[in-house]
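Here the structure is laid out as structure tokens; the discussion comes afterwards.
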Amino acid sequence: MGTVVVGFRLGSDAKGRQATLVLTEAGVLHQSAGLLGMEPRPARPHAPIAPDRHPVPRQAAELRKVYAALINRGYTRELIPPACVRLDTVEHALHAQPYGSHAPRPHPELIADFTGAAPAGPGSLDDALAAFYTAIGITPRPRTPFPPGTAAVPRRVRAALRTLTDGQALTSGPQRSPGWTVTAGGIRLHAGGTKRTLDPREAADLQAALTAWLHHQQRTRPPGT
């Protein structure tokens with residue numbers, strides 16, 4: 001019978017690390033992480049909160065947030081682009097109260113099956129989730145479209161814009177000074193008493209955040225202002 005899943009694997013050349021996330025039709029979000037080129041280590045899966053009448057859409061929203069957060073942290077290399085795949089592996093049965101001693105166990109075979117079966121071609125998270133919803137018989141809620149021309153901007157900027165649209169902040173990350181925080185409400189610099197030139201990666205992160213903020217302002221600004 002198998003299992004229908006949607007997932008991706010992103011890598012960071014600067015950090016030398018990779019992250020894999022796989023969402024199943026039961027609404028369980030599996031993840032693994034590790035060094036580039038090495039076998040990733042599975043973490044404890046994230047189960048939907050019980051009771052939840054709509055576990056898959058809620059977990060899909062979490063998948064989007066993690067994807068955007070990883071992109072913002074420099075995991076910009078798509079080792080496995082987002083894809084919907086039907087696996088031979090059957091996922092573990094989910095307990096009615098999936099927490100504590102009944103929480104789902106890591107399922108490395110399922111993640112390995114996904115990484116082996118996922119197509120190598122390019123793909124977007126939106127398309128992968130749409131295919132996933134269709135495969136499991138769910139009608140997704142329509143998403144607010146981006147402003148005209150947004151689809152042509154780089155993928156990193158689109159991911160950053162998703163983060164702002166979801167009400168989250170974009171940050172320069174820890175251990176960076178001077179640093180910055182970009183939210184839908186504005187841009188804040190926090191330099192302290194130090195001065196430092198941004199390296200190319202940091203400059204690219206800031207450029208993506210600022211571009212996403214400008215697109216967000218264009219969409220939310222009242223007409224005539």
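Naming scheme: A, B, ... for chains in displayed order of the structure tokens; residues 1 onward per chain; ligands 1 onward as shown.
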
So which residues touch A:Lys15 within 12 Å, counting only C-alpha atoms, skipping near sequence neighbours fewer than 4 positions away, as a PyMOL selection string?
chain A and resi 10-11+19+34-36+70+73-77+201

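The list of residues with at least one atom within 7 Å of A:Asp113, based on only C-alpha atoms and without residues fewer than 3 positions apart in the same chain, reads A:Leu87, A:Thr89, A:Glu109, A:Leu110, A:Gly116, A:Ala117.
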
Per-residue DSSP, stretch 35-156 of chain A, filtered to strand (DSSP E), as a PyMOL selection string
chain A and resi 35+41-42+77-87

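Reported to one decimal place, the separation of atom CA of A:His216 from atom CA of A:Arg58 is 23.1 Å.
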
With distances taken over only C-alpha atoms, which residue among A:Pro81, A:Pro48, A:Gly179, A:Gly186 lies nearest A:Gly121?
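Distance minimum relative to A:Gly121 lands on A:Pro81.
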
Of A:Ile187, A:Val22, A:Ala68, A:Val5, the one sitting nearest A:Cys84 when using only C-alpha atoms is A:Val5

Excluding A:Ala103 and residues on its chain fewer than 3 positions from it, collect all residues at most 12 Å away from it, counting only C-alpha atoms, and give them as a list in words.
Val28, Arg44, Pro45, His46, Ala47, Pro48, Ile49, Ala50, His92, Ala93, Leu94, His95, Ala96, Gln97, Pro98, Tyr99, Gly100 and Pro106 of chain A

Could those residues be written to a file, using N, CA and C atoms, as a PDB file, in the first residue's frame?
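Result file part21.pdb:
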```
ATOM      1  N   VAL A  28       2.530  13.475   9.979  1.00  0.00           N
ATOM      2  CA  VAL A  28       3.749  13.381  10.784  1.00  0.00           C
ATOM      3  C   VAL A  28       4.902  14.000   9.997  1.00  0.00           C
ATOM      4  N   ARG A  44      13.564  13.062  16.337  1.00  0.00           N
ATOM      5  CA  ARG A  44      12.216  12.647  16.736  1.00  0.00           C
ATOM      6  C   ARG A  44      11.193  13.336  15.839  1.00  0.00           C
ATOM      7  N   PRO A  45      10.273  12.593  15.242  1.00  0.00           N
ATOM      8  CA  PRO A  45       9.271  13.211  14.363  1.00  0.00           C
ATOM      9  C   PRO A  45       8.374  14.180  15.121  1.00  0.00           C
ATOM     10  N   HIS A  46       7.825  15.111  14.376  1.00  0.00           N
ATOM     11  CA  HIS A  46       6.896  16.093  14.936  1.00  0.00           C
ATOM     12  C   HIS A  46       5.485  15.654  14.560  1.00  0.00           C
ATOM     13  N   ALA A  47       4.720  15.190  15.543  1.00  0.00           N
ATOM     14  CA  ALA A  47       3.369  14.686  15.293  1.00  0.00           C
ATOM     15  C   ALA A  47       2.357  15.812  15.394  1.00  0.00           C
ATOM     16  N   PRO A  48       1.219  15.678  14.706  1.00  0.00           N
ATOM     17  CA  PRO A  48       0.174  16.693  14.846  1.00  0.00           C
ATOM     18  C   PRO A  48      -0.398  16.691  16.254  1.00  0.00           C
ATOM     19  N   ILE A  49      -0.855  17.850  16.682  1.00  0.00           N
ATOM     20  CA  ILE A  49      -1.450  17.968  18.007  1.00  0.00           C
ATOM     21  C   ILE A  49      -2.820  17.300  17.996  1.00  0.00           C
ATOM     22  N   ALA A  50      -3.072  16.460  18.964  1.00  0.00           N
ATOM     23  CA  ALA A  50      -4.356  15.754  19.034  1.00  0.00           C
ATOM     24  C   ALA A  50      -5.261  16.421  20.072  1.00  0.00           C
ATOM     25  N   HIS A  92       4.644   4.222  10.269  1.00  0.00           N
ATOM     26  CA  HIS A  92       4.167   3.659  11.525  1.00  0.00           C
ATOM     27  C   HIS A  92       2.788   4.214  11.864  1.00  0.00           C
ATOM     28  N   ALA A  93       1.943   3.369  12.423  1.00  0.00           N
ATOM     29  CA  ALA A  93       0.604   3.813  12.817  1.00  0.00           C
ATOM     30  C   ALA A  93       0.719   4.910  13.875  1.00  0.00           C
ATOM     31  N   LEU A  94      -0.112   5.935  13.728  1.00  0.00           N
ATOM     32  CA  LEU A  94      -0.086   7.072  14.648  1.00  0.00           C
ATOM     33  C   LEU A  94      -1.083   6.839  15.775  1.00  0.00           C
ATOM     34  N   HIS A  95      -0.612   6.940  16.999  1.00  0.00           N
ATOM     35  CA  HIS A  95      -1.469   6.752  18.166  1.00  0.00           C
ATOM     36  C   HIS A  95      -2.485   7.887  18.254  1.00  0.00           C
ATOM     37  N   ALA A  96      -3.635   7.610  18.858  1.00  0.00           N
ATOM     38  CA  ALA A  96      -4.678   8.630  18.997  1.00  0.00           C
ATOM     39  C   ALA A  96      -4.204   9.809  19.834  1.00  0.00           C
ATOM     40  N   GLN A  97      -3.272   9.564  20.740  1.00  0.00           N
ATOM     41  CA  GLN A  97      -2.667  10.626  21.548  1.00  0.00           C
ATOM     42  C   GLN A  97      -1.151  10.539  21.365  1.00  0.00           C
ATOM     43  N   PRO A  98      -0.654  11.104  20.258  1.00  0.00           N
ATOM     44  CA  PRO A  98       0.745  10.880  19.864  1.00  0.00           C
ATOM     45  C   PRO A  98       1.761  11.745  20.609  1.00  0.00           C
ATOM     46  N   TYR A  99       1.822  11.587  21.902  1.00  0.00           N
ATOM     47  CA  TYR A  99       2.806  12.321  22.682  1.00  0.00           C
ATOM     48  C   TYR A  99       3.234  11.462  23.867  1.00  0.00           C
ATOM     49  N   GLY A 100       4.298  11.899  24.539  1.00  0.00           N
ATOM     50  CA  GLY A 100       4.814  11.105  25.647  1.00  0.00           C
ATOM     51  C   GLY A 100       5.317   9.759  25.165  1.00  0.00           C
ATOM     52  N   PRO A 106      11.367   7.767  15.410  1.00  0.00           N
ATOM     53  CA  PRO A 106      12.069   8.077  14.158  1.00  0.00           C
ATOM     54  C   PRO A 106      11.910   6.931  13.167  1.00  0.00           C
TER      55      PRO A 106
END
```

Given only C-alpha atoms as the counted atoms, nearest of A:Ala203, A:Ala212, A:Ala160, A:Ala191 to A:Ala69
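Of all the options, A:Ala160 lies closest to A:Ala69.
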
Distance query A:Arg64 at most 9 Å, only C-alpha atoms, self and fewer than 4 positions along chain excluded, as number ranges by chain
A: 59-60, 68-69, 125, 159, 162-163

Please produce an output containing C-alpha atoms for each residue in the selection, written as a short mmCIF file (atom, residue, chain, number, x, y, z; two decimals), in the first residue's frame.
```
data_model
loop_
_atom_site.label_atom_id
_atom_site.label_comp_id
_atom_site.auth_asym_id
_atom_site.auth_seq_id
_atom_site.Cartn_x
_atom_site.Cartn_y
_atom_site.Cartn_z
CA GLN A 59 1.78 20.41 9.41
CA ALA A 60 2.22 21.58 5.82
CA ALA A 68 11.88 29.34 4.77
CA ALA A 69 13.90 29.27 7.99
CA LEU A 125 7.41 23.63 -2.60
CA ALA A 159 11.00 32.15 0.66
CA ARG A 162 6.66 33.75 2.69
CA THR A 163 8.24 34.20 6.11
#
```

Which residues are near A:Tyr133? Cut-off 10 Å, only C-alpha atoms, ignore same chain within fewer than 6 positions. Put them as a list in words.
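Everything that qualifies: Val4, Val5, Val6, Glu25, Val56, Pro57, Ala60, Cys84, Asp127, Thr139 and Pro140 of chain A.
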
Any chance you could export the current selection's C-alpha atoms as a PDB file, in the first residue's frame?
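As a result, selection.pdb now contains:
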```
ATOM      1  CA  VAL A   4       2.372   9.315   0.084  1.00  0.00           C
ATOM      2  CA  VAL A   5       4.810  11.959   1.304  1.00  0.00           C
ATOM      3  CA  VAL A   6       6.117  15.388   0.401  1.00  0.00           C
ATOM      4  CA  GLU A  25      -0.259  11.683   4.763  1.00  0.00           C
ATOM      5  CA  VAL A  56      -2.017  17.725   7.333  1.00  0.00           C
ATOM      6  CA  PRO A  57      -2.607  21.392   6.343  1.00  0.00           C
ATOM      7  CA  ALA A  60       2.220  21.580   5.817  1.00  0.00           C
ATOM      8  CA  CYS A  84       5.584  14.547  -3.719  1.00  0.00           C
ATOM      9  CA  ASP A 127       3.838  22.529  -6.631  1.00  0.00           C
ATOM     10  CA  THR A 139      -8.547  20.444  -1.147  1.00  0.00           C
ATOM     11  CA  PRO A 140      -6.030  23.062  -0.004  1.00  0.00           C
TER      12      PRO A 140
END
```

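Nearest residue to A:Gly7 among A:Val157, A:Ala128, A:Ser101, A:Ala26 is A:Ala128, counting only C-alpha atoms.
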
Report the residues of stretch 66-100 of chain A whose backbone DSSP state falls under helix (DSSP H, G or I), written as a PyMOL selection string.
chain A and resi 66-72+100

Shortest interatomic distance to A:Leu189 - which of A:Ala14, A:Ala204, A:Thr171, A:Asp166, counting only C-alpha atoms:
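Selected residue with least distance to A:Leu189: A:Thr171.
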
Please provide as a list of chain:residue names all residues within 9 Å of A:Ala169, with the sequence filter that same-chain residues fewer than 5 positions apart are discarded (counting only C-alpha atoms).
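Skipping anything fewer than 5 positions along the chain leaves A:Thr163, A:Leu164, A:Thr181, A:Val182, A:Thr183, A:Ala184.
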
To one decimal place in Å, what is the distance between atom CA of A:Arg53 and atom CA of A:Leu23?
16.7 Å

Report, in Å with one decimal, the straight-line distance from atom CA of A:Asp205 to atom CA of A:Arg41.
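A separation of 27.4 Å between them.
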
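Distances here use only C-alpha atoms; by that measure, the residue among A:Gln31, A:Glu91, A:Pro104, A:Glu78 closest to A:Asp13 is A:Glu78.
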